[in-house]
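Below is work_9.cif, which holds mmCIF, C-alpha atoms and all ligand atoms.
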```cif
data_structure
#
loop_
_atom_site.label_atom_id
_atom_site.label_comp_id
_atom_site.auth_asym_id
_atom_site.auth_seq_id
_atom_site.Cartn_x
_atom_site.Cartn_y
_atom_site.Cartn_z
CA MET Y 1 -35.63 6.53 3.03
CA ILE Y 2 -33.12 9.31 3.70
CA GLN Y 3 -34.94 10.38 6.89
CA GLN Y 4 -34.86 6.85 8.24
CA PHE Y 5 -31.14 6.58 7.35
CA ILE Y 6 -30.35 9.80 9.25
CA ARG Y 7 -32.40 8.87 12.32
CA LYS Y 8 -31.13 5.29 12.59
CA LEU Y 9 -27.49 6.24 12.00
CA ARG Y 10 -27.64 8.89 14.73
CA GLU Y 11 -29.00 6.20 17.07
CA TYR Y 12 -26.28 3.73 16.02
CA TYR Y 13 -23.47 6.16 16.74
CA GLN Y 14 -25.26 7.71 19.75
CA ARG Y 15 -24.79 11.15 18.19
CA PRO Y 16 -28.16 12.88 18.31
CA SER Y 17 -26.90 16.13 16.73
CA GLU Y 18 -23.11 16.15 16.30
CA ALA Y 19 -21.63 15.67 12.81
CA ILE Y 20 -20.93 12.11 11.68
CA TYR Y 21 -17.96 11.73 9.36
CA LEU Y 22 -17.02 9.06 6.85
CA ILE Y 23 -14.14 7.77 8.95
CA GLU Y 24 -12.77 9.02 12.24
CA THR Y 25 -9.67 7.48 13.82
CA ALA Y 26 -10.71 5.13 16.59
CA MET Y 27 -8.51 4.51 19.66
CA PHE Y 28 -9.25 1.25 21.42
CA GLY Y 29 -6.48 0.58 23.92
CA ASN Y 30 -2.82 1.20 24.51
CA GLU Y 31 -2.20 4.00 22.00
CA TYR Y 32 -1.18 6.64 24.55
CA GLN Y 33 0.92 4.18 26.56
CA PHE Y 34 2.86 2.76 23.59
CA VAL Y 35 3.61 6.21 22.15
CA LYS Y 36 4.71 7.40 25.59
CA GLU Y 37 7.01 4.39 26.02
CA CYS Y 38 8.55 5.15 22.64
CA LEU Y 39 9.09 8.78 23.64
CA ASN Y 40 10.68 7.68 26.91
CA SER Y 41 13.03 5.31 25.08
CA GLY Y 42 14.51 8.25 23.19
CA LYS Y 43 14.46 6.15 20.00
CA VAL Y 44 11.66 7.86 18.15
CA SER Y 45 13.13 7.65 14.69
CA THR Y 46 13.70 4.73 12.34
CA ILE Y 47 15.95 2.65 14.63
CA GLY Y 48 13.36 2.08 17.38
CA SER Y 49 12.33 -1.55 18.04
CA GLU Y 50 8.67 -0.72 17.36
CA VAL Y 51 9.28 -0.71 13.60
CA GLU Y 52 10.61 -4.25 13.63
CA ARG Y 53 7.75 -5.40 15.87
CA LEU Y 54 5.19 -3.94 13.49
CA GLU Y 55 6.92 -5.68 10.57
CA GLN Y 56 6.75 -8.97 12.50
CA ALA Y 57 3.04 -8.43 13.16
CA ILE Y 58 2.46 -7.99 9.41
CA ILE Y 59 4.46 -11.14 8.66
CA GLN Y 60 2.46 -13.15 11.18
CA ARG Y 61 -0.89 -11.87 9.98
CA THR Y 62 -0.29 -12.25 6.23
CA GLY Y 63 1.99 -15.29 6.18
CA ALA Y 64 4.42 -13.36 3.96
CA LYS Y 65 8.10 -14.03 4.69
CA TYR Y 66 9.21 -10.40 4.82
CA ALA Y 67 7.81 -6.94 5.51
CA VAL Y 68 9.22 -3.42 5.32
CA ALA Y 69 7.42 -0.60 7.13
CA THR Y 70 7.45 2.67 5.20
CA SER Y 71 6.49 6.31 5.64
CA SER Y 72 3.30 5.85 3.57
CA GLY Y 73 1.43 3.38 1.41
CA THR Y 74 2.37 5.47 -1.62
CA ALA Y 75 6.07 5.08 -0.77
CA ALA Y 76 5.62 1.30 -0.44
CA LEU Y 77 3.90 1.19 -3.85
CA HIS Y 78 6.71 3.22 -5.40
CA LEU Y 79 9.43 0.97 -3.94
CA GLY Y 80 7.47 -2.15 -4.90
CA LEU Y 81 7.22 -1.07 -8.53
CA LEU Y 82 10.95 -0.31 -8.63
CA ALA Y 83 11.69 -3.72 -7.08
CA LEU Y 84 9.67 -5.41 -9.83
CA GLY Y 85 11.92 -3.70 -12.38
CA VAL Y 86 9.48 -1.02 -13.58
CA LYS Y 87 11.38 1.63 -15.54
CA PRO Y 88 10.73 4.89 -17.38
CA ASN Y 89 8.67 4.42 -20.55
CA ASP Y 90 7.07 1.18 -19.27
CA TRP Y 91 3.33 0.61 -18.89
CA VAL Y 92 1.79 -0.57 -15.63
CA LEU Y 93 -1.67 -2.15 -15.91
CA THR Y 94 -4.16 -0.86 -13.36
CA THR Y 95 -7.72 0.43 -12.94
CA PRO Y 96 -8.99 4.02 -12.88
CA PHE Y 97 -11.38 3.36 -9.96
CA THR Y 98 -9.01 3.91 -7.02
CA PHE Y 99 -7.43 6.55 -4.84
CA VAL Y 100 -5.02 8.75 -6.78
CA ALA Y 101 -1.99 7.39 -4.87
CA THR Y 102 -2.07 4.14 -6.88
CA THR Y 103 -1.42 5.99 -10.11
CA ASN Y 104 0.89 8.57 -8.52
CA ALA Y 105 3.21 5.71 -7.56
CA ILE Y 106 3.28 4.48 -11.16
CA VAL Y 107 4.26 7.95 -12.34
CA HIS Y 108 6.89 8.24 -9.56
CA SER Y 109 8.52 5.11 -10.96
CA GLY Y 110 8.79 6.79 -14.36
CA ALA Y 111 6.21 4.51 -15.99
CA SER Y 112 2.71 5.34 -17.23
CA PRO Y 113 -0.65 3.89 -16.16
CA MET Y 114 -2.66 1.80 -18.59
CA PHE Y 115 -6.26 1.77 -17.37
CA LEU Y 116 -8.36 -1.38 -17.77
CA ASP Y 117 -11.97 -1.85 -16.69
CA ILE Y 118 -13.20 -3.14 -13.35
CA ASP Y 119 -15.48 -5.99 -12.37
CA ARG Y 120 -18.87 -4.74 -11.09
CA ARG Y 121 -18.98 -7.26 -8.28
CA THR Y 122 -15.54 -6.57 -6.73
CA LEU Y 123 -14.85 -3.06 -8.15
CA GLY Y 124 -11.30 -4.38 -8.76
CA LEU Y 125 -9.58 -5.26 -12.04
CA SER Y 126 -11.70 -7.57 -14.19
CA PRO Y 127 -9.74 -10.78 -14.98
CA GLU Y 128 -11.81 -11.24 -18.16
CA VAL Y 129 -10.98 -7.74 -19.42
CA LEU Y 130 -7.32 -8.32 -18.51
CA ALA Y 131 -7.17 -11.64 -20.40
CA GLU Y 132 -8.87 -10.17 -23.47
CA PHE Y 133 -6.59 -7.13 -23.48
CA LEU Y 134 -3.40 -9.17 -23.22
CA ALA Y 135 -4.56 -11.61 -25.90
CA ASN Y 136 -5.60 -8.93 -28.41
CA GLU Y 137 -3.43 -5.90 -27.73
CA THR Y 138 0.01 -7.25 -26.82
CA TYR Y 139 2.75 -9.58 -28.07
CA ILE Y 140 5.75 -11.27 -26.51
CA ASP Y 141 9.02 -9.99 -27.98
CA ASP Y 142 12.27 -11.92 -28.60
CA SER Y 143 13.50 -11.30 -25.06
CA GLY Y 144 10.27 -12.69 -23.60
CA GLN Y 145 8.84 -9.31 -22.57
CA CYS Y 146 5.16 -8.47 -22.98
CA VAL Y 147 4.85 -5.47 -25.30
CA HIS Y 148 1.84 -3.27 -26.10
CA THR Y 149 1.32 -3.64 -29.84
CA VAL Y 150 0.25 -0.06 -30.64
CA SER Y 151 2.82 1.87 -28.56
CA LYS Y 152 5.62 -0.75 -28.70
CA ARG Y 153 6.20 -0.10 -25.00
CA ARG Y 154 6.82 -2.84 -22.45
CA ILE Y 155 4.12 -3.86 -19.98
CA ALA Y 156 6.26 -4.15 -16.89
CA ALA Y 157 3.79 -4.87 -14.07
CA CYS Y 158 0.16 -5.19 -13.05
CA LEU Y 159 -1.14 -3.21 -10.07
CA PRO Y 160 -4.66 -4.39 -9.11
CA VAL Y 161 -6.45 -2.60 -6.24
CA HIS Y 162 -8.63 -4.08 -3.49
CA VAL Y 163 -11.33 -1.44 -3.30
CA PHE Y 164 -13.01 -0.37 -0.02
CA GLY Y 165 -11.69 -3.58 1.62
CA HIS Y 166 -13.14 -6.04 -0.93
CA SER Y 167 -10.72 -8.36 -2.70
CA ALA Y 168 -10.35 -8.36 -6.47
CA HIS Y 169 -10.47 -11.81 -8.17
CA MET Y 170 -6.81 -12.40 -7.41
CA THR Y 171 -6.47 -16.07 -8.30
CA GLU Y 172 -7.60 -15.39 -11.88
CA ILE Y 173 -5.66 -12.12 -12.21
CA VAL Y 174 -2.37 -13.76 -11.14
CA GLN Y 175 -3.01 -16.75 -13.44
CA VAL Y 176 -3.49 -14.48 -16.46
CA CYS Y 177 -0.46 -12.30 -15.63
CA ASN Y 178 1.75 -15.38 -15.16
CA GLN Y 179 0.95 -16.48 -18.72
CA TYR Y 180 2.51 -13.23 -19.97
CA GLY Y 181 5.37 -13.01 -17.46
CA ILE Y 182 3.89 -9.86 -15.88
CA PRO Y 183 4.66 -9.49 -12.14
CA VAL Y 184 1.76 -8.45 -9.89
CA LEU Y 185 1.97 -5.90 -7.08
CA GLU Y 186 -1.27 -5.73 -5.05
CA ASP Y 187 -2.52 -2.38 -3.81
CA SER Y 188 -4.08 -3.76 -0.63
CA ALA Y 189 -3.84 -0.36 1.10
CA GLU Y 190 -7.51 -0.67 2.15
CA GLY Y 191 -7.55 -4.44 2.64
CA LEU Y 192 -5.83 -5.32 5.91
CA GLY Y 193 -7.53 -8.51 7.15
CA SER Y 194 -9.41 -9.24 3.90
CA THR Y 195 -8.91 -12.52 2.08
CA CYS Y 196 -9.60 -14.09 -1.32
CA ASN Y 197 -10.05 -17.88 -1.47
CA GLY Y 198 -8.81 -17.98 2.12
CA GLN Y 199 -5.55 -16.19 1.32
CA PRO Y 200 -4.80 -12.67 2.63
CA VAL Y 201 -4.96 -9.93 0.01
CA GLY Y 202 -1.46 -8.82 -0.92
CA THR Y 203 -0.03 -12.36 -0.88
CA HIS Y 204 -1.34 -13.57 -4.25
CA GLY Y 205 1.12 -11.68 -6.44
CA LYS Y 206 4.81 -10.89 -5.92
CA ALA Y 207 4.14 -8.37 -3.16
CA GLY Y 208 1.38 -6.46 -1.40
CA VAL Y 209 1.14 -2.98 0.05
CA LEU Y 210 -0.71 -1.65 3.10
CA SER Y 211 -1.54 1.91 4.11
CA PHE Y 212 -1.64 3.00 7.75
CA ASN Y 213 -3.05 6.43 6.97
CA GLY Y 214 -5.35 7.96 9.63
CA ASN Y 215 -8.51 6.62 8.00
CA LYS Y 216 -7.38 2.98 7.72
CA ILE Y 217 -8.36 0.02 9.92
CA VAL Y 218 -5.01 0.31 11.69
CA THR Y 219 -3.29 3.66 11.63
CA THR Y 220 0.22 4.79 12.46
CA GLY Y 221 -0.77 8.41 11.84
CA GLY Y 222 0.83 8.13 8.43
CA GLY Y 223 2.64 5.09 7.14
CA GLY Y 224 2.53 1.98 5.06
CA ALA Y 225 4.26 -1.33 4.44
CA LEU Y 226 5.27 -3.69 1.70
CA PHE Y 227 5.14 -7.44 2.37
CA THR Y 228 6.40 -10.25 0.16
CA SER Y 229 7.78 -13.78 0.18
CA ASP Y 230 10.22 -12.95 -2.61
CA LEU Y 231 13.73 -12.42 -1.22
CA GLU Y 232 14.90 -10.25 -4.12
CA VAL Y 233 11.90 -7.94 -3.89
CA TYR Y 234 12.40 -7.69 -0.15
CA GLN Y 235 16.10 -6.88 -0.42
CA SER Y 236 15.46 -4.25 -3.04
CA VAL Y 237 12.70 -2.57 -1.02
CA ARG Y 238 14.63 -2.78 2.24
CA SER Y 239 17.63 -1.04 0.71
CA THR Y 240 15.89 1.58 -1.43
CA ALA Y 241 13.72 2.57 1.54
CA SER Y 242 16.86 3.95 3.17
CA SER Y 243 19.05 6.82 2.09
CA THR Y 244 22.12 4.58 2.29
CA LEU Y 245 22.02 1.35 0.40
CA SER Y 246 24.31 -1.53 1.15
CA TYR Y 247 25.95 -2.67 4.35
CA SER Y 248 29.12 -4.68 4.49
CA LEU Y 249 31.85 -5.66 6.87
CA LEU Y 250 35.36 -4.29 6.74
CA THR Y 251 38.12 -6.87 6.83
CA SER Y 252 39.87 -7.08 10.15
CA SER Y 253 43.36 -5.69 10.57
CA PRO Y 254 46.31 -6.83 12.72
CA GLU Y 255 46.54 -4.82 15.89
CA GLY Y 256 48.36 -1.54 15.66
CA LYS Y 257 48.37 -1.48 11.88
CA THR Y 258 46.39 0.65 9.53
CA PRO Y 259 43.44 -1.47 8.49
CA GLU Y 260 43.04 -2.51 4.92
CA TYR Y 261 39.61 -2.20 3.54
CA GLY Y 262 37.60 -4.61 1.47
CA LEU Y 263 34.24 -3.02 0.99
CA THR Y 264 31.63 -4.65 -1.17
CA ALA Y 265 29.11 -2.54 -2.98
CA ASN Y 266 27.05 -3.96 -5.80
CA SER Y 267 29.33 -7.01 -5.65
CA SER Y 268 32.43 -5.08 -6.75
CA LYS Y 269 35.36 -5.03 -4.32
CA LEU Y 270 36.60 -1.57 -3.51
CA GLU Y 271 40.20 -1.62 -2.38
CA THR Y 272 41.05 1.30 -0.17
CA PRO Y 273 44.56 0.88 1.19
CA GLY Y 274 46.10 3.71 3.11
CA TYR Y 275 43.06 5.35 4.56
CA SER Y 276 42.81 5.13 8.28
CA VAL Y 277 39.86 5.04 10.58
CA SER Y 278 40.11 6.83 13.89
CA ALA Y 279 36.56 7.25 15.13
CA VAL Y 280 33.18 5.62 15.13
CA SER Y 281 30.38 7.17 13.08
CA THR Y 282 32.65 9.21 10.88
CA ARG Y 283 32.15 9.59 7.17
CA TYR Y 284 35.04 9.00 4.77
CA LYS Y 285 35.51 9.52 1.12
CA ILE Y 286 37.14 6.40 -0.23
CA PRO Y 287 40.27 7.43 -2.12
CA GLY Y 288 39.99 7.07 -5.86
CA SER Y 289 36.23 6.70 -5.87
CA ASN Y 290 33.10 8.76 -5.30
CA VAL Y 291 31.84 6.39 -2.64
CA ILE Y 292 31.27 7.73 0.84
CA ALA Y 293 31.73 5.18 3.61
CA SER Y 294 30.27 5.80 7.03
CA VAL Y 295 31.76 3.83 9.91
CA SER Y 296 28.92 2.83 12.18
CA GLN Y 297 30.48 0.38 14.60
CA ALA Y 298 33.98 -0.58 15.72
CA GLN Y 299 34.64 -3.81 17.54
CA ASN Y 300 37.85 -5.85 17.71
CA SER Y 301 39.12 -4.06 14.63
CA GLU Y 302 36.07 -5.21 12.63
CA LEU Y 303 34.11 -2.26 11.40
CA LYS Y 304 30.64 -2.21 9.97
CA VAL Y 305 30.24 0.36 7.28
CA ALA Y 306 27.42 1.60 5.14
CA VAL Y 307 28.30 2.36 1.57
CA GLY Y 308 26.11 4.52 -0.61
CA SER Y 309 26.38 2.81 -3.97
CA SER Y 310 23.25 4.21 -5.60
CA VAL Y 311 20.43 6.63 -4.82
CA GLY Y 312 17.97 5.62 -2.10
CA TYR Y 313 14.82 7.21 -0.71
CA ASN Y 314 14.20 8.14 2.87
CA TYR Y 315 10.93 6.20 3.01
CA ARG Y 316 11.31 4.38 6.35
CA MET Y 317 8.67 4.50 9.07
CA PRO Y 318 9.67 6.21 12.34
CA ALA Y 319 9.30 4.24 15.57
CA LEU Y 320 6.91 6.81 16.99
CA ASN Y 321 4.44 5.98 14.24
CA ALA Y 322 5.00 2.24 14.59
CA ALA Y 323 4.23 2.51 18.33
CA LEU Y 324 0.76 3.86 17.55
CA GLY Y 325 0.24 1.12 14.96
CA LEU Y 326 1.24 -1.63 17.39
CA ALA Y 327 -1.35 -0.45 19.89
CA GLN Y 328 -4.03 -0.42 17.18
CA TRP Y 329 -2.93 -3.83 15.93
CA GLU Y 330 -3.69 -5.39 19.34
CA HIS Y 331 -7.40 -5.00 18.50
CA LEU Y 332 -7.24 -5.78 14.79
CA ASP Y 333 -9.75 -8.64 14.83
CA GLN Y 334 -12.14 -6.66 16.99
CA ARG Y 335 -11.82 -3.69 14.65
CA ILE Y 336 -12.57 -5.84 11.60
CA GLN Y 337 -15.53 -7.47 13.34
CA LYS Y 338 -16.97 -4.04 14.14
CA LYS Y 339 -16.59 -2.97 10.50
CA ARG Y 340 -18.40 -6.13 9.43
CA ASN Y 341 -21.16 -5.60 12.00
CA LEU Y 342 -21.69 -2.08 10.68
CA ALA Y 343 -21.89 -3.35 7.07
CA HIS Y 344 -24.45 -5.97 8.06
CA TRP Y 345 -26.42 -3.33 9.93
CA TYR Y 346 -26.47 -1.18 6.76
CA GLN Y 347 -27.57 -4.22 4.76
CA SER Y 348 -30.60 -4.72 6.98
CA LEU Y 349 -31.35 -0.97 6.96
CA PHE Y 350 -31.48 -0.92 3.15
CA ALA Y 351 -32.97 -4.43 2.78
CA ASN Y 352 -36.30 -3.27 1.36
CA SER Y 353 -34.97 -0.44 -0.73
CA GLU Y 354 -33.85 -0.03 -4.32
CA VAL Y 355 -30.47 1.01 -2.91
CA LYS Y 356 -27.99 -1.83 -2.36
CA VAL Y 357 -25.04 -2.05 0.02
CA LEU Y 358 -21.83 -3.29 -1.62
CA ASP Y 359 -21.37 -6.86 -0.35
CA GLU Y 360 -18.28 -9.05 -0.08
CA PRO Y 361 -17.51 -11.03 -3.26
CA THR Y 362 -18.08 -14.80 -3.32
CA ASP Y 363 -15.21 -16.80 -1.76
CA CYS Y 364 -13.82 -13.62 -0.19
CA PHE Y 365 -13.78 -12.20 3.31
CA SER Y 366 -13.98 -8.40 3.43
CA ASN Y 367 -12.92 -6.03 6.16
CA TYR Y 368 -15.61 -3.58 4.90
CA TRP Y 369 -13.19 -0.71 5.42
CA LEU Y 370 -15.46 1.83 3.73
CA ASN Y 371 -19.12 1.08 3.05
CA ALA Y 372 -20.57 1.94 -0.33
CA LEU Y 373 -24.17 2.23 -1.56
CA ILE Y 374 -25.25 1.39 -5.10
CA PHE Y 375 -28.10 3.58 -6.40
CA PRO Y 376 -30.21 2.85 -9.50
CA GLU Y 377 -28.83 5.98 -11.18
CA ARG Y 378 -26.84 9.19 -10.67
CA ASN Y 379 -29.70 11.56 -9.70
CA SER Y 380 -30.90 9.56 -6.73
CA ARG Y 381 -27.27 9.14 -5.61
CA ASP Y 382 -26.63 12.87 -5.83
CA GLN Y 383 -29.85 13.71 -3.97
CA PHE Y 384 -28.93 11.27 -1.17
CA VAL Y 385 -25.47 12.80 -0.78
CA LEU Y 386 -26.92 16.33 -0.65
CA ASP Y 387 -29.62 15.44 1.89
CA SER Y 388 -27.33 13.53 4.23
CA THR Y 389 -24.65 16.23 4.08
CA LYS Y 390 -27.25 18.88 4.96
CA ALA Y 391 -28.26 16.74 7.94
CA GLY Y 392 -24.65 16.67 9.22
CA ILE Y 393 -23.87 13.15 8.00
CA GLU Y 394 -20.94 12.95 5.64
CA SER Y 395 -21.41 10.89 2.52
CA ARG Y 396 -19.84 11.44 -0.86
CA PRO Y 397 -19.84 10.23 -4.43
CA VAL Y 398 -17.15 7.60 -4.96
CA TRP Y 399 -13.90 8.49 -6.74
CA THR Y 400 -13.77 10.38 -10.00
CA LEU Y 401 -12.07 8.03 -12.46
CA LEU Y 402 -8.33 8.65 -12.65
CA SER Y 403 -8.52 8.36 -16.44
CA ARG Y 404 -10.17 11.82 -16.31
CA TYR Y 405 -7.34 13.46 -14.35
CA PRO Y 406 -5.34 16.02 -16.35
CA SER Y 407 -2.24 14.95 -14.40
CA PHE Y 408 -2.39 11.52 -16.02
CA THR Y 409 -2.50 12.59 -19.64
CA ASN Y 410 0.38 10.19 -20.32
CA SER Y 411 -1.97 7.31 -19.54
CA TYR Y 412 -3.66 4.94 -21.98
CA GLN Y 413 -7.20 3.71 -21.50
CA MET Y 414 -9.23 0.82 -22.78
CA PRO Y 415 -13.07 0.97 -22.74
CA LEU Y 416 -14.26 1.53 -19.16
CA PRO Y 417 -18.04 0.92 -19.04
CA ASN Y 418 -18.08 -0.70 -15.58
CA ALA Y 419 -15.83 1.93 -14.04
CA ARG Y 420 -18.09 4.66 -15.45
CA TRP Y 421 -21.12 2.88 -14.02
CA ALA Y 422 -19.54 2.74 -10.53
CA GLU Y 423 -18.46 6.36 -10.73
CA SER Y 424 -21.97 7.50 -11.63
CA CYS Y 425 -24.16 5.64 -9.14
CA MET Y 426 -22.22 4.84 -5.98
CA ALA Y 427 -21.67 6.77 -2.74
CA ASN Y 428 -19.58 6.13 0.35
CA ILE Y 429 -21.27 6.37 3.74
CA PRO Y 430 -19.97 6.65 7.35
CA SER Y 431 -17.83 3.69 8.35
CA THR Y 432 -16.19 4.74 11.62
CA ILE Y 433 -15.91 2.16 14.37
CA PHE Y 434 -15.77 3.18 18.00
CA PRO Y 435 -15.26 1.08 21.12
CA HIS Y 436 -18.98 1.69 21.83
CA ALA Y 437 -20.22 1.12 18.23
C1 LIG Y 501 -6.24 2.27 -2.69
C2 LIG Y 501 -5.18 3.10 -2.04
N1 LIG Y 501 -3.93 3.06 -2.53
C3 LIG Y 501 -2.93 3.75 -1.99
C4 LIG Y 501 -3.14 4.55 -0.88
C5 LIG Y 501 -1.99 5.35 -0.39
O1 LIG Y 501 -1.69 5.18 0.92
P1 LIG Y 501 -1.04 6.40 1.76
O2 LIG Y 501 -2.10 7.43 1.95
O3 LIG Y 501 -0.63 5.74 3.02
O4 LIG Y 501 0.11 6.91 0.97
C6 LIG Y 501 -4.42 4.62 -0.32
C7 LIG Y 501 -4.77 5.39 0.88
O5 LIG Y 501 -4.54 6.33 1.37
C8 LIG Y 501 -5.47 3.90 -0.92
O6 LIG Y 501 -6.71 3.97 -0.43
#
```

Is it possible to express this structure as structure tokens?
Amino acid sequence: MIQQFIRKLREYYQRPSEAIYLIETAMFGNEYQFVKECLNSGKVSTIGSEVERLEQAIIQRTGAKYAVATSSGTAALHLGLLALGVKPNDWVLTTPFTFVATTNAIVHSGASPMFLDIDRRTLGLSPEVLAEFLANETYIDDSGQCVHTVSKRRIAACLPVHVFGHSAHMTEIVQVCNQYGIPVLEDSAEGLGSTCNGQPVGTHGKAGVLSFNGNKIVTTGGGGALFTSDLEVYQSVRSTASSTLSYSLLTSSPEGKTPEYGLTANSSKLETPGYSVSAVSTRYKIPGSNVIASVSQAQNSELKVAVGSSVGYNYRMPALNAALGLAQWEHLDQRIQKKRNLAHWYQSLFANSEVKVLDEPTDCFSNYWLNALIFPERNSRDQFVLDSTKAGIESRPVWTLLSRYPSFTNSYQMPLPNARWAESCMANIPSTIFPHA
């Protein structure tokens, strides 16, 4: 079987002897031109128009009302958790069968991951396990918060993951979480273009996150995005993504007089009489407070200022990256179709074997971002990985469960039989798409 796999795959990719990797970045069209145009514009950083255009493309594709492009998917997850109100000492429900970034973001927010088991069909969070856990291991306290009975710590959010481009059972997961008042942030980093019950992944819960890392269906080199239809979540993410938080308008002043200032920050009015503004883009300390105001625009004595009222992150996506993403986005449907063709090709290749190709869940449409094989047991999986690697074809065992990571010793885990099964008998195989393949 392995010999046939090697021979046929080399034919498919038209690579008789060169190495074949899991995922190589594929350029289909205007990548060089769009990046060059961005360079020529001189606006390569976060104010370039490309960022807004990429956000609009995400809005159009997902149907979400708002999108914020970020410097990585991890950053978008972090901001999303903060926007949902996740705080230090909280739990966030998630699964251990994912890329480490999912759990890193939980730890960045100050909370701890609580690992629940996956569903064997989707490899995402099992709605049945979730429902059973919440019914048996939690209670609702006087303020209406869901609390973990043993640790007495709040369960602040649920972070399901769409694994390898296949949707988790989102309708059921959101239904269960709603019963307990737990907001859902979807890690759809790998799921651009995938749907569940006809609805794009990432739009079932409060917000969704994409990654545009180099190995994703659309890449910006490095980058990510959060999309949502919830105005409060959007406003929170938009402002915390920047180093400076809130923007407000200075009151106008009669000509020739020192302007009086009415700055709003966190809805409190900061009166600043007696400080004068003489230049655009100058930073001022507001007398009597620790707030720094930066004058960004002067027009008819109306000045726009940015006021740093709390700590933000510099998590915005630069225009140079967005330019690359926009060029890739032009061929998004073609890219997804090629991924699906490759998955179907693998399915016919392994049709008469004891090895199965992971298929899209019922009622879902998968982008098949990364193909995965299911072996009858660990030994045959390991042998396959060794043989294909020796033949210059990259394949690898799927993720080690995050519940085993020493860095997540502050986590809590429920029984994980399905996650252990997936960890022991699955392998990822090459999933690159090229214009020619
Ligand atoms: C499931 C999952 N979550 C989160 C991330 C983090 O995205 P990024 O690498 O853009 O930070 C990735 C991918 O890289 C991922 O595959």

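The space separating CA of Tyr139 in chain Y from CA of Thr95 in chain Y comes to 20.9 Å.
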
Polymer residues at most 7 Å from Pro376 in chain Y, all atoms listed in the file, same-chain spacing of 2 or more positions, as a list in words
Glu354, Val355, Ile374 and Cys425 of chain Y

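Between His169 in chain Y and the candidates Y:Val68, Y:Leu39, Y:Ala135, Y:Leu125, the tightest atom-to-atom separation, counting all atoms listed in the file, involves Y:Leu125.
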
Show me the residues around (6.6, 4.3, -7.4) - criterion: an atom at most 6 Å away, all atoms listed in the file counted - as a ChimeraX atom specification.
/Y:77-79,81,105-106,108-109

Given 7 Å and all atoms listed in the file, residues near ligand LIG 501 (chain Y) as a PDB file with C-alpha atoms, in the frame of the given file:
```
ATOM      1  CA  SER Y  72       3.300   5.850   3.570  1.00  0.00           C
ATOM      2  CA  GLY Y  73       1.430   3.380   1.410  1.00  0.00           C
ATOM      3  CA  THR Y  74       2.370   5.470  -1.620  1.00  0.00           C
ATOM      4  CA  ALA Y  75       6.070   5.080  -0.770  1.00  0.00           C
ATOM      5  CA  THR Y  98      -9.010   3.910  -7.020  1.00  0.00           C
ATOM      6  CA  PHE Y  99      -7.430   6.550  -4.840  1.00  0.00           C
ATOM      7  CA  ALA Y 101      -1.990   7.390  -4.870  1.00  0.00           C
ATOM      8  CA  THR Y 102      -2.070   4.140  -6.880  1.00  0.00           C
ATOM      9  CA  VAL Y 161      -6.450  -2.600  -6.240  1.00  0.00           C
ATOM     10  CA  HIS Y 162      -8.630  -4.080  -3.490  1.00  0.00           C
ATOM     11  CA  VAL Y 163     -11.330  -1.440  -3.300  1.00  0.00           C
ATOM     12  CA  ASP Y 187      -2.520  -2.380  -3.810  1.00  0.00           C
ATOM     13  CA  SER Y 188      -4.080  -3.760  -0.630  1.00  0.00           C
ATOM     14  CA  ALA Y 189      -3.840  -0.360   1.100  1.00  0.00           C
ATOM     15  CA  GLU Y 190      -7.510  -0.670   2.150  1.00  0.00           C
ATOM     16  CA  SER Y 211      -1.540   1.910   4.110  1.00  0.00           C
ATOM     17  CA  PHE Y 212      -1.640   3.000   7.750  1.00  0.00           C
ATOM     18  CA  ASN Y 213      -3.050   6.430   6.970  1.00  0.00           C
ATOM     19  CA  GLY Y 222       0.830   8.130   8.430  1.00  0.00           C
ATOM     20  CA  GLY Y 223       2.640   5.090   7.140  1.00  0.00           C
ATOM     21  CA  GLY Y 224       2.530   1.980   5.060  1.00  0.00           C
TER      22      GLY Y 224
END
```

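Nearest residue to Ser167 in chain Y, choosing from Y:Gln337, Y:Ser236, Y:Pro361, Y:Ala207 and counting only C-alpha atoms: Y:Pro361.
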
Using the structure block above, produce a file of range 131-137 of chain Y that contains N, CA and C atoms, as a compact mmCIF listing (two decimals), in the first residue's frame.
```txt
# COMPACT_ATOMS: atom_id res chain seq x y z
N ALA Y 131 -22.50 18.57 27.13
CA ALA Y 131 -23.78 18.63 27.85
C ALA Y 131 -23.69 17.85 29.17
N GLU Y 132 -23.07 16.68 29.10
CA GLU Y 132 -22.96 15.85 30.31
C GLU Y 132 -22.08 16.54 31.36
N PHE Y 133 -20.98 17.12 30.91
CA PHE Y 133 -20.07 17.81 31.82
C PHE Y 133 -20.79 18.97 32.52
N LEU Y 134 -21.48 19.78 31.73
CA LEU Y 134 -22.12 20.97 32.33
C LEU Y 134 -23.24 20.55 33.28
N ALA Y 135 -23.94 19.47 32.93
CA ALA Y 135 -25.04 19.02 33.80
C ALA Y 135 -24.51 18.45 35.12
N ASN Y 136 -23.39 17.72 35.05
CA ASN Y 136 -22.93 16.99 36.25
C ASN Y 136 -21.85 17.69 37.05
N GLU Y 137 -21.12 18.59 36.43
CA GLU Y 137 -19.91 19.11 37.09
C GLU Y 137 -19.95 20.61 37.37
```
